[in-house]
$ cat data-v7.csv   # CSV, C-alpha atoms
chain,number,residue,atom,x,y,z
I,251,MET,CA,64.9,-36.0,-52.3
I,252,ASP,CA,65.4,-39.2,-50.4
I,253,ARG,CA,64.9,-39.2,-46.6
I,254,LEU,CA,68.0,-38.6,-44.5
I,255,SER,CA,69.5,-41.7,-43.1
I,256,GLN,CA,69.6,-42.2,-39.3
I,257,SER,CA,73.3,-41.8,-39.4
I,258,ALA,CA,73.0,-38.5,-41.2
I,259,ILE,CA,70.5,-37.3,-38.6
I,260,GLU,CA,72.9,-38.3,-35.8
I,261,GLU,CA,75.7,-36.3,-37.5
I,262,LEU,CA,73.4,-33.2,-37.7
I,263,LYS,CA,72.5,-33.7,-34.0
I,264,SER,CA,76.2,-33.5,-33.2
I,265,LEU,CA,76.3,-30.1,-35.0
I,266,CYS,CA,73.1,-28.8,-33.3
I,267,PRO,CA,72.8,-30.9,-30.1
I,268,GLU,CA,69.7,-29.3,-28.6
I,269,GLY,CA,68.0,-27.9,-31.7
I,270,LEU,CA,67.0,-30.9,-33.8
I,271,GLN,CA,63.6,-32.6,-33.7
I,272,GLU,CA,62.3,-35.5,-35.8
I,273,GLN,CA,58.8,-36.1,-37.1
I,274,VAL,CA,57.5,-32.6,-36.4
I,275,PRO,CA,53.8,-32.1,-37.3
I,276,LEU,CA,53.9,-29.0,-39.5
I,277,SER,CA,50.3,-28.2,-38.8
I,278,ARG,CA,51.4,-27.3,-35.3
I,279,ILE,CA,54.1,-24.8,-36.4
I,280,SER,CA,52.3,-23.5,-39.5
I,281,ALA,CA,50.6,-20.2,-39.4
I,282,TRP,CA,47.9,-21.8,-41.7
I,283,GLY,CA,47.6,-24.9,-39.4
I,284,ILE,CA,48.2,-27.1,-42.5
I,285,GLY,CA,50.8,-29.7,-43.3
I,286,GLY,CA,51.9,-33.2,-42.6
I,287,SER,CA,55.0,-34.2,-40.7
I,288,ALA,CA,58.5,-32.9,-41.3
I,289,ASP,CA,61.2,-35.5,-41.1
I,290,VAL,CA,63.7,-33.2,-39.5
I,291,VAL,CA,63.5,-29.6,-38.1
I,292,ILE,CA,66.8,-28.0,-37.1
I,293,ARG,CA,66.8,-24.8,-35.0
I,294,PRO,CA,70.4,-23.4,-34.8
I,295,SER,CA,71.3,-21.1,-31.9
I,296,SER,CA,74.0,-19.0,-33.6
I,297,ALA,CA,75.4,-17.9,-36.9
I,298,SER,CA,78.5,-20.1,-36.4
I,299,GLN,CA,76.3,-23.2,-35.7
I,300,LEU,CA,74.3,-22.5,-38.8
I,301,SER,CA,77.5,-22.1,-40.8
I,302,GLU,CA,78.6,-25.6,-39.8
I,303,ILE,CA,75.2,-27.0,-40.7
I,304,ARG,CA,75.3,-25.4,-44.1
I,305,LYS,CA,78.8,-26.7,-44.8
I,306,TRP,CA,77.6,-30.2,-43.8
I,307,MET,CA,74.6,-30.0,-46.2
I,308,LEU,CA,76.6,-28.5,-49.1
I,309,PHE,CA,79.1,-31.3,-48.9
I,310,ARG,CA,76.3,-33.9,-49.1
I,311,GLN,CA,74.4,-31.9,-51.7
I,312,ILE,CA,71.4,-31.5,-49.4
I,313,ARG,CA,69.1,-28.5,-50.0
I,314,PRO,CA,67.2,-27.5,-46.8
I,315,VAL,CA,63.9,-25.6,-46.5
I,316,VAL,CA,64.5,-22.4,-44.5
I,317,ILE,CA,61.6,-21.0,-42.5
I,318,GLY,CA,60.9,-18.5,-39.8
I,319,LEU,CA,57.4,-18.4,-38.2
I,320,THR,CA,55.9,-19.6,-41.5
I,321,SER,CA,53.7,-16.6,-42.0
I,322,ASN,CA,53.8,-16.8,-45.8
I,323,LEU,CA,54.2,-20.6,-46.2
I,324,LEU,CA,51.8,-23.4,-47.1
I,325,PHE,CA,53.1,-26.9,-46.4
I,326,ALA,CA,52.2,-30.0,-48.3
I,327,ASP,CA,49.6,-32.3,-46.8
I,328,GLU,CA,52.2,-35.1,-47.2
I,329,GLY,CA,54.7,-33.3,-45.0
I,330,CYS,CA,58.3,-32.5,-45.9
I,331,ARG,CA,61.0,-35.0,-46.6
I,332,ALA,CA,63.8,-32.3,-46.9
I,333,PRO,CA,65.4,-31.1,-43.7
I,334,ILE,CA,63.9,-27.8,-42.4
I,335,ILE,CA,66.0,-25.1,-40.8
I,336,GLN,CA,64.0,-22.8,-38.6
I,337,ILE,CA,65.3,-19.4,-37.5
I,338,ALA,CA,63.1,-18.5,-34.6
I,339,ASN,CA,63.3,-18.3,-30.8
I,340,ASN,CA,66.8,-19.9,-30.6
I,341,MET,CA,68.2,-16.8,-32.4
I,342,ALA,CA,66.2,-13.9,-30.9
I,343,SER,CA,68.5,-11.7,-28.9
I,344,MET,CA,68.8,-8.0,-29.4
I,345,TYR,CA,70.3,-4.8,-27.9
I,346,VAL,CA,69.9,-1.1,-28.4
I,347,ARG,CA,72.7,1.4,-28.6
I,348,GLY,CA,71.4,4.9,-29.1
I,349,THR,CA,69.4,5.0,-32.3
I,350,GLU,CA,70.9,1.8,-33.6
I,351,VAL,CA,69.6,-1.7,-32.8
I,352,VAL,CA,71.4,-5.0,-33.4
I,353,ALA,CA,68.9,-7.9,-33.5
I,354,GLU,CA,69.1,-11.6,-34.4
I,355,ALA,CA,66.8,-12.8,-37.2
I,356,GLY,CA,64.5,-15.0,-35.1
I,357,ILE,CA,63.1,-12.2,-33.0
I,358,TRP,CA,59.3,-11.8,-33.2
I,359,VAL,CA,58.4,-8.6,-35.1
I,360,PRO,CA,55.6,-7.3,-32.9
I,361,GLY,CA,57.9,-7.7,-29.9
I,362,PHE,CA,60.8,-6.0,-31.7
I,363,SER,CA,58.5,-3.0,-32.6
I,364,ARG,CA,57.3,-2.8,-29.0
I,365,THR,CA,61.0,-2.6,-27.8
I,366,MET,CA,61.6,0.2,-30.2
I,367,MET,CA,58.6,2.1,-28.7
I,368,GLN,CA,59.9,1.5,-25.1
I,369,ASN,CA,63.2,3.0,-26.1
I,370,CYS,CA,61.6,6.1,-27.6
I,371,LEU,CA,62.6,5.1,-31.2
I,372,ALA,CA,60.3,5.9,-34.0
I,373,GLY,CA,60.0,4.2,-37.4
I,374,ALA,CA,59.0,0.7,-36.4
I,375,GLU,CA,55.3,1.5,-35.8
I,376,HIS,CA,54.1,0.2,-39.2
I,377,ILE,CA,55.5,-3.3,-38.4
I,378,CYS,CA,53.9,-3.7,-35.0
I,379,GLY,CA,51.1,-6.0,-36.2
I,380,ILE,CA,53.1,-8.2,-38.6
I,381,PRO,CA,53.3,-11.7,-37.1
I,382,GLY,CA,56.6,-13.0,-38.4
I,383,THR,CA,60.4,-12.9,-37.6
I,384,LEU,CA,62.7,-10.1,-38.3
I,385,GLY,CA,64.7,-12.2,-40.8
I,386,GLY,CA,61.6,-13.0,-42.8
I,387,LEU,CA,60.6,-9.3,-42.7
I,388,ILE,CA,63.9,-8.1,-44.0
I,389,CYS,CA,64.0,-10.8,-46.7
I,390,MET,CA,60.6,-9.6,-48.0
I,391,ASN,CA,61.3,-6.0,-47.2
I,392,GLY,CA,58.0,-6.2,-45.4
I,393,GLY,CA,56.0,-3.6,-43.7
I,394,SER,CA,52.6,-1.9,-43.9
I,395,GLN,CA,51.2,1.4,-45.0
I,396,ARG,CA,53.3,0.9,-48.2
I,397,LYS,CA,56.5,1.1,-46.1
I,398,GLY,CA,59.3,-1.4,-46.0
I,399,VAL,CA,61.7,-2.3,-43.1
I,400,GLY,CA,64.6,-1.9,-45.6
I,401,SER,CA,64.5,1.9,-45.1
I,402,ASN,CA,65.8,1.3,-41.5
I,403,VAL,CA,68.4,-1.3,-42.3
I,404,LEU,CA,72.1,-0.4,-42.0
I,405,LYS,CA,73.6,-3.8,-42.5
I,406,VAL,CA,72.6,-7.5,-42.6
I,407,GLN,CA,74.5,-10.6,-41.6
I,408,SER,CA,73.7,-13.8,-43.4
I,409,VAL,CA,75.1,-17.3,-44.0
I,410,ALA,CA,75.7,-18.5,-47.5
I,411,SER,CA,75.2,-22.1,-48.7
I,412,ASP,CA,78.9,-22.8,-48.3
I,413,GLY,CA,78.8,-21.7,-44.7
I,414,LYS,CA,80.5,-18.3,-45.3
I,415,VAL,CA,79.2,-15.6,-42.9
I,416,ILE,CA,78.5,-12.5,-45.0
I,417,GLU,CA,77.8,-8.9,-44.0
I,418,ARG,CA,76.0,-6.7,-46.5
I,419,SER,CA,75.3,-3.0,-46.4
I,420,ALA,CA,71.8,-1.7,-47.0
I,421,ASP,CA,72.7,-0.9,-50.6
I,422,GLU,CA,74.0,-4.4,-51.2
I,423,CYS,CA,70.7,-5.8,-49.9
I,424,GLU,CA,69.0,-4.3,-53.0
I,425,PHE,CA,65.8,-3.4,-51.3
I,426,ALA,CA,62.8,-2.6,-53.4
I,427,TYR,CA,59.1,-2.8,-52.8
I,428,ARG,CA,58.7,-6.2,-51.0
I,429,LYS,CA,61.9,-7.4,-52.5
I,430,SER,CA,65.6,-7.9,-51.5
I,431,VAL,CA,68.6,-9.8,-52.7
I,432,PHE,CA,67.9,-12.5,-50.1
I,433,GLN,CA,64.9,-13.8,-52.0
I,434,SER,CA,67.2,-15.2,-54.7
I,435,ASN,CA,70.8,-15.6,-53.4
I,436,GLY,CA,70.3,-18.6,-51.1
I,437,GLU,CA,71.7,-16.9,-48.0
I,438,ILE,CA,70.0,-17.2,-44.6
I,439,ILE,CA,69.7,-14.0,-42.7
I,440,THR,CA,71.0,-14.3,-39.1
I,441,ALA,CA,71.1,-10.7,-37.8
I,442,ALA,CA,70.7,-7.1,-38.7
I,443,THR,CA,71.7,-3.6,-37.6
I,444,LEU,CA,68.9,-1.0,-38.0
I,445,ARG,CA,68.6,2.7,-37.2
I,446,PHE,CA,65.5,4.5,-36.0
I,447,ASP,CA,64.6,8.1,-35.1
I,448,SER,CA,65.0,9.2,-31.5
I,449,ARG,CA,62.1,10.9,-29.7
I,450,SER,CA,62.0,12.7,-26.4
I,451,ASP,CA,59.2,10.3,-25.2
I,452,ASN,CA,57.2,7.4,-26.5
I,453,ARG,CA,53.7,8.7,-26.2
I,454,GLU,CA,53.2,9.6,-29.9
I,455,ILE,CA,54.8,6.3,-31.0
I,456,ARG,CA,52.6,4.3,-28.6
I,457,ARG,CA,49.4,6.1,-29.9
I,458,GLU,CA,50.4,5.4,-33.5
I,459,MET,CA,51.0,1.7,-32.7
I,460,LEU,CA,47.7,1.3,-30.9
I,461,SER,CA,45.9,3.0,-33.8
I,462,ILE,CA,47.5,0.5,-36.2
I,463,LEU,CA,46.6,-2.5,-34.1
I,464,ARG,CA,43.0,-1.3,-33.7
I,465,GLY,CA,42.7,-1.0,-37.4
I,466,ARG,CA,44.2,-4.5,-38.0
I,467,ARG,CA,41.8,-6.0,-35.4
I,468,LYS,CA,38.8,-4.5,-37.3
I,469,LYS,CA,40.0,-5.5,-40.8
I,470,PHE,CA,42.0,-8.7,-40.5
I,471,PRO,CA,41.0,-12.2,-39.3
I,472,ARG,CA,42.8,-13.0,-36.1
I,473,LYS,CA,40.9,-16.0,-34.6
I,474,LEU,CA,41.4,-18.5,-37.5
I,475,PRO,CA,44.7,-19.7,-38.9
I,476,ASN,CA,45.9,-17.8,-41.9
I,477,CYS,CA,49.2,-16.7,-43.6
I,478,GLY,CA,48.3,-13.0,-43.8
I,479,SER,CA,47.9,-11.4,-47.2
I,480,VAL,CA,47.8,-14.0,-50.0
I,481,PHE,CA,48.4,-11.6,-52.9
I,482,LYS,CA,50.9,-8.8,-53.3
I,483,SER,CA,49.7,-5.2,-53.9
I,484,ASN,CA,50.6,-3.9,-57.3
I,485,PRO,CA,51.0,-0.1,-57.5
I,486,ALA,CA,49.4,0.2,-61.0
I,487,MET,CA,46.5,-2.0,-60.0
I,488,TYR,CA,46.1,-0.2,-56.7
I,489,ALA,CA,45.8,3.2,-58.5
I,490,GLU,CA,43.2,1.9,-61.0
I,491,ILE,CA,41.3,-0.9,-59.1
I,492,GLY,CA,42.4,-0.7,-55.5
I,493,PRO,CA,44.2,-3.2,-53.3
I,494,PRO,CA,43.9,-7.0,-53.9
I,495,GLY,CA,41.3,-7.5,-51.2
I,496,ALA,CA,39.0,-4.9,-52.9
I,497,ALA,CA,39.5,-6.5,-56.3
I,498,ILE,CA,38.7,-10.0,-54.9
I,499,GLU,CA,35.6,-8.7,-53.1
I,500,LYS,CA,34.3,-6.9,-56.1
I,501,ILE,CA,34.0,-10.1,-58.1
I,502,GLY,CA,32.2,-11.9,-55.3
I,503,PHE,CA,34.8,-14.1,-53.7
I,504,LYS,CA,34.5,-12.8,-50.1
I,505,GLY,CA,33.4,-15.8,-48.0
I,506,PHE,CA,34.0,-18.3,-50.8
I,507,LYS,CA,34.8,-21.7,-49.5
I,508,ARG,CA,36.6,-24.8,-50.8
I,509,GLY,CA,36.8,-27.7,-48.4
I,510,GLY,CA,38.0,-26.4,-45.1
I,511,ALA,CA,39.5,-23.2,-46.5
I,512,GLN,CA,37.6,-20.0,-46.9
I,513,VAL,CA,38.2,-16.5,-48.3
I,514,SER,CA,37.9,-14.5,-45.1
I,515,PRO,CA,34.5,-12.7,-44.6
I,516,MET,CA,36.5,-10.0,-42.9
I,517,HIS,CA,39.1,-9.4,-45.6
I,518,ALA,CA,39.1,-11.0,-49.0
I,519,ASN,CA,43.0,-11.0,-49.3
I,520,PHE,CA,43.1,-13.6,-46.5
I,521,ILE,CA,42.4,-17.3,-46.8
I,522,VAL,CA,41.5,-18.9,-43.4
I,523,ASN,CA,41.5,-22.4,-42.2
I,524,THR,CA,38.1,-23.1,-40.7
I,525,GLY,CA,39.3,-26.2,-39.0
I,526,ASN,CA,40.1,-29.0,-41.5
I,527,ALA,CA,41.6,-27.2,-44.5
I,528,LYS,CA,44.0,-29.0,-46.8
I,529,ALA,CA,46.8,-27.5,-48.8
I,530,LYS,CA,44.9,-28.5,-51.9
I,531,ASP,CA,41.9,-26.5,-50.8
I,532,VAL,CA,44.0,-23.3,-50.4
I,533,LEU,CA,45.8,-23.8,-53.7
I,534,GLU,CA,42.6,-24.2,-55.6
I,535,ILE,CA,41.1,-21.0,-54.2
I,536,ILE,CA,44.3,-19.1,-55.0
I,537,VAL,CA,44.3,-20.1,-58.6
I,538,GLU,CA,40.6,-19.6,-59.0
I,539,ILE,CA,40.8,-16.1,-57.6
I,540,GLN,CA,43.8,-15.1,-59.6
I,541,SER,CA,42.2,-16.2,-62.8
I,542,ALA,CA,38.9,-14.5,-62.1
I,543,VAL,CA,40.6,-11.2,-61.1
I,544,GLU,CA,42.7,-11.2,-64.3
I,545,ARG,CA,39.6,-11.9,-66.4
I,546,ASN,CA,37.8,-9.0,-64.8
I,547,THR,CA,40.6,-6.4,-64.5
I,548,GLY,CA,43.4,-7.4,-66.8
I,549,TYR,CA,45.8,-7.6,-63.9
I,550,LYS,CA,47.4,-10.9,-62.9
I,551,MET,CA,47.9,-10.6,-59.1
I,552,GLU,CA,51.3,-11.8,-57.8
I,553,VAL,CA,51.0,-14.4,-55.0
I,554,GLU,CA,52.8,-13.6,-51.8
I,555,ALA,CA,52.3,-17.0,-50.3
I,556,CYS,CA,54.7,-19.9,-51.2
I,557,TYR,CA,54.1,-23.6,-51.2
I,558,VAL,CA,56.5,-26.1,-49.7
I,559,SER,CA,56.3,-29.5,-51.5
I,560,HIS,CA,56.8,-32.9,-50.0
I,561,GLU,CA,60.3,-33.0,-51.6
I,562,GLY,CA,61.2,-29.5,-50.1
I,563,LYS,CA,60.8,-27.4,-53.2
I,564,VAL,CA,59.6,-23.9,-52.4
I,565,MET,CA,57.5,-22.1,-55.1
I,566,PRO,CA,54.9,-19.4,-55.5
I,567,ALA,CA,51.5,-21.0,-54.5
I,568,ASP,CA,50.1,-20.3,-58.0
I,569,CYS,CA,52.8,-22.4,-59.7
I,570,VAL,CA,51.8,-25.8,-58.1
I,571,PHE,CA,49.2,-26.9,-60.6
$ encode --input "data-v7.csv" --output "structure tokens"
Amino acid sequence: MDRLSQSAIEELKSLCPEGLQEQVPLSRISAWGIGGSADVVIRPSSASQLSEIRKWMLFRQIRPVVIGLTSNLLFADEGCRAPIIQIANNMASMYVRGTEVVAEAGIWVPGFSRTMMQNCLAGAEHICGIPGTLGGLICMNGGSQRKGVGSNVLKVQSVASDGKVIERSADECEFAYRKSVFQSNGEIITAATLRFDSRSDNREIRREMLSILRGRRKKFPRKLPNCGSVFKSNPAMYAEIGPPGAAIEKIGFKGFKRGGAQVSPMHANFIVNTGNAKAKDVLEIIVEIQSAVERNTGYKMEVEACYVSHEGKVMPADCVF
């Protein structure tokens, strides 16, 4: 798409006065530490503000890129010409009422999990080490230990491309393993109501969270920029071969390097930025690993990470070349 004109940017500023930035280095906000400059990043502070922004964009046939904390995104080295809408700290309030929790989509997942523990609510332990936003987690029905946050969701608020504010029940969200309706309907999640199990005290919950975090520290790279798991787990492949990391390690890719990108020596389903990685380096490693695993096992691993092109197109990272 063409760059937004300065007059269009000024109109957007009037809709989101304190939440618009120009020429934002994506490498600074990217979990991978990769990417050129974004022309415009917009951070709305409410569902109603987001609604007005989406109406404005629909009228002008502008399609934005929607991000949270970018934990599964790889940005183009050339940057992003399309406007980016980021749901993060500007929309991160929450409150607890009994066993139910109402939270905005921009809240940081580890902080959310910790608040559940502090309120003696069980069921959020498995998400305590996932470094993303609640909105992104719900969109992906994310979790760990083969669990998904969708099992705790009661309803989700979102904003459609025409600016309409929608409320969906859990059934209407169509949760499945690492899937939800939000991955394909174009709506932006703004808030959710979730329910957890009440406990008399939080000691057992806290012990479980500490155990999960210790395990993640031992297994997962934390010091170098990365997007988390690159490939999705496939139940059939898991039963026969094991998880993606084990399959990748078995064929010798652990520690494999291309440019500044490296398959983590700690966990083969992570690709880390050793300091000067380019998006091209990461993409080449992904395609090479995917092909090699398929040749050796018969399973084509599905990529969890997505690539954001210079024009603002979002696609699975194995579909770029």
$ closest_residue --input "data-v7.csv" --among "I:Pro566, I:Gly509, I:Gly525, I:Pro493" --to "Tyr549 (chain I)" --atoms "all atoms listed in the file"
I:Pro493
$ closest_residue --input "data-v7.csv" --among "I:Ala342, I:Val415, I:Ile438, I:Ala258" --to "Arg310 (chain I)" --atoms "only C-alpha atoms"
I:Ala258
$ residues_around --input "data-v7.csv" --residues "region 515-521 of chain I" --least-positions-apart "6" --cutoff "7 Å" --atoms "only C-alpha atoms" --output "VMD selection string"
chain I and resid 469 to 471 476 478 to 481 494 to 495 498 to 499 504 to 505
$ write_last_selection --input "data-v7.csv" --atoms "C-alpha atoms" --output "compact mmCIF listing (two decimals), keeping the file's coordinate frame"
# COMPACT_ATOMS: atom_id res chain seq x y z
CA LYS I 469 40.00 -5.50 -40.80
CA PHE I 470 42.00 -8.70 -40.50
CA PRO I 471 41.00 -12.20 -39.30
CA ASN I 476 45.90 -17.80 -41.90
CA GLY I 478 48.30 -13.00 -43.80
CA SER I 479 47.90 -11.40 -47.20
CA VAL I 480 47.80 -14.00 -50.00
CA PHE I 481 48.40 -11.60 -52.90
CA PRO I 494 43.90 -7.00 -53.90
CA GLY I 495 41.30 -7.50 -51.20
CA ILE I 498 38.70 -10.00 -54.90
CA GLU I 499 35.60 -8.70 -53.10
CA LYS I 504 34.50 -12.80 -50.10
CA GLY I 505 33.40 -15.80 -48.00
$ closest_residue --input "data-v7.csv" --among "I:Glu422, I:Met551, I:Met366, I:Phe432" --to "Phe446 (chain I)" --atoms "all atoms listed in the file"
I:Met366
$ closest_residue --input "data-v7.csv" --among "I:Asp327, I:Leu444, I:Arg467, I:Asn391" --to "Val431 (chain I)" --atoms "only C-alpha atoms"
I:Asn391
$ atom_distance --input "data-v7.csv" --atom1 "CA of Lys530 (chain I)" --atom2 "CA of Lys507 (chain I)"
12.4 Å
$ closest_atom_pairs --input "data-v7.csv" --of "region 515-561 of chain I" --to "region 275-299 of chain I" --cutoff "10 Å" --atoms "all atoms listed in the file" --output "tab-separated table"
residue	atom	partner	partner_atom	distance
I:Ile521	CA	I:Trp282	CA	8.7
I:Val522	CA	I:Trp282	CA	7.2
I:Asn523	CA	I:Trp282	CA	6.4
I:Thr524	CA	I:Gly283	CA	9.8
I:Gly525	CA	I:Gly283	CA	8.4
I:Asn526	CA	I:Ile284	CA	8.4
I:Ala527	CA	I:Ile284	CA	6.9
I:Lys528	CA	I:Ile284	CA	6.3
I:Ala529	CA	I:Ile284	CA	6.5
I:Val532	CA	I:Trp282	CA	9.7
I:Val558	CA	I:Gly285	CA	9.3
I:Ser559	CA	I:Gly285	CA	9.9
I:His560	CA	I:Ala288	CA	8.9
$ residues_around --input "data-v7.csv" --residues "Glu561 (chain I)" --least-positions-apart "3" --cutoff "12 Å" --atoms "all atoms listed in the file" --output "list in words"
Met251, Asp252, Arg253, Leu254, Ala288, Asp289, Ile312, Arg313, Pro314, Val315, Phe325, Ala326, Asp327, Glu328, Gly329, Cys330, Arg331, Ala332, Pro333, Ile334, Tyr557, Val558, Val564 and Met565 of chain I
$ atom_distance --input "data-v7.csv" --atom1 "CA of Glu490 (chain I)" --atom2 "CA of Glu554 (chain I)"
20.4 Å
$ residues_near_point --input "data-v7.csv" --point "(70.8, -17.5, -46.8)" --cutoff "8 Å" --atoms "only C-alpha atoms" --output "PDB file with C-alpha atoms, in the coordinates of the input"
ATOM      1  CA  SER I 408      73.700 -13.800 -43.400  1.00  0.00           C
ATOM      2  CA  VAL I 409      75.100 -17.300 -44.000  1.00  0.00           C
ATOM      3  CA  ALA I 410      75.700 -18.500 -47.500  1.00  0.00           C
ATOM      4  CA  SER I 411      75.200 -22.100 -48.700  1.00  0.00           C
ATOM      5  CA  PHE I 432      67.900 -12.500 -50.100  1.00  0.00           C
ATOM      6  CA  ASN I 435      70.800 -15.600 -53.400  1.00  0.00           C
ATOM      7  CA  GLY I 436      70.300 -18.600 -51.100  1.00  0.00           C
ATOM      8  CA  GLU I 437      71.700 -16.900 -48.000  1.00  0.00           C
ATOM      9  CA  ILE I 438      70.000 -17.200 -44.600  1.00  0.00           C
ATOM     10  CA  ILE I 439      69.700 -14.000 -42.700  1.00  0.00           C
TER      11      ILE I 439
END
$ atom_distance --input "data-v7.csv" --atom1 "CA of Ala496 (chain I)" --atom2 "CA of Cys477 (chain I)"
18.2 Å
$ closest_residue --input "data-v7.csv" --among "I:Met390, I:Val570, I:Thr547, I:Phe309" --to "Tyr488 (chain I)" --atoms "all atoms listed in the file"
I:Thr547
$ closest_residue --input "data-v7.csv" --among "I:Leu404, I:Leu460, I:Leu300, I:Thr383" --to "Ile357 (chain I)" --atoms "all atoms listed in the file"
I:Thr383
$ residues_around --input "data-v7.csv" --residues "Ile317 (chain I)" --least-positions-apart "4" --cutoff "7 Å" --atoms "all atoms listed in the file" --output "list in words"
Ile335, Gln336 and Ile337 of chain I
$ residues_around --input "data-v7.csv" --residues "Lys405 (chain I)" --least-positions-apart "5" --cutoff "9 Å" --atoms "all atoms listed in the file" --output "short mmCIF file (atom, residue, chain, number, x, y, z; two decimals) with C-alpha atoms, in the coordinates of the input"
data_model
loop_
_atom_site.label_atom_id
_atom_site.label_comp_id
_atom_site.auth_asym_id
_atom_site.auth_seq_id
_atom_site.Cartn_x
_atom_site.Cartn_y
_atom_site.Cartn_z
CA GLU I 417 77.80 -8.90 -44.00
CA ARG I 418 76.00 -6.70 -46.50
CA SER I 419 75.30 -3.00 -46.40
CA ALA I 420 71.80 -1.70 -47.00
CA ASP I 421 72.70 -0.90 -50.60
CA GLU I 422 74.00 -4.40 -51.20
CA CYS I 423 70.70 -5.80 -49.90
CA ALA I 441 71.10 -10.70 -37.80
CA ALA I 442 70.70 -7.10 -38.70
CA THR I 443 71.70 -3.60 -37.60
CA LEU I 444 68.90 -1.00 -38.00
#
$ residues_around --input "data-v7.csv" --residues "Thr349 (chain I)" --least-positions-apart "6" --cutoff "8 Å" --atoms "all atoms listed in the file" --output "ChimeraX atom specification"
/I:371,445-448
$ residues_near_point --input "data-v7.csv" --point "(51.6, 4.3, -25.1)" --cutoff "12 Å" --atoms "all atoms listed in the file" --output "PyMOL selection string"
chain I and resi 364-370+375+451-461
$ decode --input "data-v7.csv" --residues "region 347-360 of chain I" --atoms "N, CA and C atoms" --output "PDB file, in the first residue's frame"
ATOM      1  N   ARG I 347     -13.793 -10.226  40.336  1.00  0.00           N
ATOM      2  CA  ARG I 347     -15.042 -10.273  41.104  1.00  0.00           C
ATOM      3  C   ARG I 347     -15.369 -11.748  41.375  1.00  0.00           C
ATOM      4  N   GLY I 348     -15.014 -12.203  42.572  1.00  0.00           N
ATOM      5  CA  GLY I 348     -15.196 -13.608  42.913  1.00  0.00           C
ATOM      6  C   GLY I 348     -14.284 -14.491  42.089  1.00  0.00           C
ATOM      7  N   THR I 349     -14.867 -15.438  41.360  1.00  0.00           N
ATOM      8  CA  THR I 349     -14.066 -16.334  40.512  1.00  0.00           C
ATOM      9  C   THR I 349     -13.972 -15.827  39.073  1.00  0.00           C
ATOM     10  N   GLU I 350     -14.598 -14.694  38.791  1.00  0.00           N
ATOM     11  CA  GLU I 350     -14.552 -14.136  37.438  1.00  0.00           C
ATOM     12  C   GLU I 350     -13.603 -12.945  37.367  1.00  0.00           C
ATOM     13  N   VAL I 351     -12.977 -12.811  36.217  1.00  0.00           N
ATOM     14  CA  VAL I 351     -12.006 -11.746  35.990  1.00  0.00           C
ATOM     15  C   VAL I 351     -12.346 -11.044  34.683  1.00  0.00           C
ATOM     16  N   VAL I 352     -12.413  -9.742  34.711  1.00  0.00           N
ATOM     17  CA  VAL I 352     -12.613  -8.947  33.497  1.00  0.00           C
ATOM     18  C   VAL I 352     -11.299  -8.226  33.222  1.00  0.00           C
ATOM     19  N   ALA I 353     -10.735  -8.466  32.048  1.00  0.00           N
ATOM     20  CA  ALA I 353      -9.409  -7.910  31.739  1.00  0.00           C
ATOM     21  C   ALA I 353      -9.366  -7.381  30.316  1.00  0.00           C
ATOM     22  N   GLU I 354      -8.672  -6.259  30.144  1.00  0.00           N
ATOM     23  CA  GLU I 354      -8.461  -5.730  28.797  1.00  0.00           C
ATOM     24  C   GLU I 354      -7.379  -6.537  28.083  1.00  0.00           C
ATOM     25  N   ALA I 355      -7.410  -6.471  26.762  1.00  0.00           N
ATOM     26  CA  ALA I 355      -6.591  -7.361  25.942  1.00  0.00           C
ATOM     27  C   ALA I 355      -5.099  -7.068  25.998  1.00  0.00           C
ATOM     28  N   GLY I 356      -4.724  -5.847  26.394  1.00  0.00           N
ATOM     29  CA  GLY I 356      -3.313  -5.494  26.371  1.00  0.00           C
ATOM     30  C   GLY I 356      -2.536  -5.900  27.606  1.00  0.00           C
ATOM     31  N   ILE I 357      -3.196  -6.537  28.568  1.00  0.00           N
ATOM     32  CA  ILE I 357      -2.497  -6.894  29.800  1.00  0.00           C
ATOM     33  C   ILE I 357      -1.447  -7.965  29.533  1.00  0.00           C
ATOM     34  N   TRP I 358      -0.313  -7.849  30.236  1.00  0.00           N
ATOM     35  CA  TRP I 358       0.808  -8.784  30.074  1.00  0.00           C
ATOM     36  C   TRP I 358       0.451 -10.108  30.735  1.00  0.00           C
ATOM     37  N   VAL I 359       0.572 -11.208  29.991  1.00  0.00           N
ATOM     38  CA  VAL I 359       0.094 -12.503  30.472  1.00  0.00           C
ATOM     39  C   VAL I 359       0.759 -12.958  31.776  1.00  0.00           C
ATOM     40  N   PRO I 360       2.088 -12.872  31.927  1.00  0.00           N
ATOM     41  CA  PRO I 360       2.671 -13.288  33.218  1.00  0.00           C
ATOM     42  C   PRO I 360       2.128 -12.489  34.400  1.00  0.00           C
TER      43      PRO I 360
END
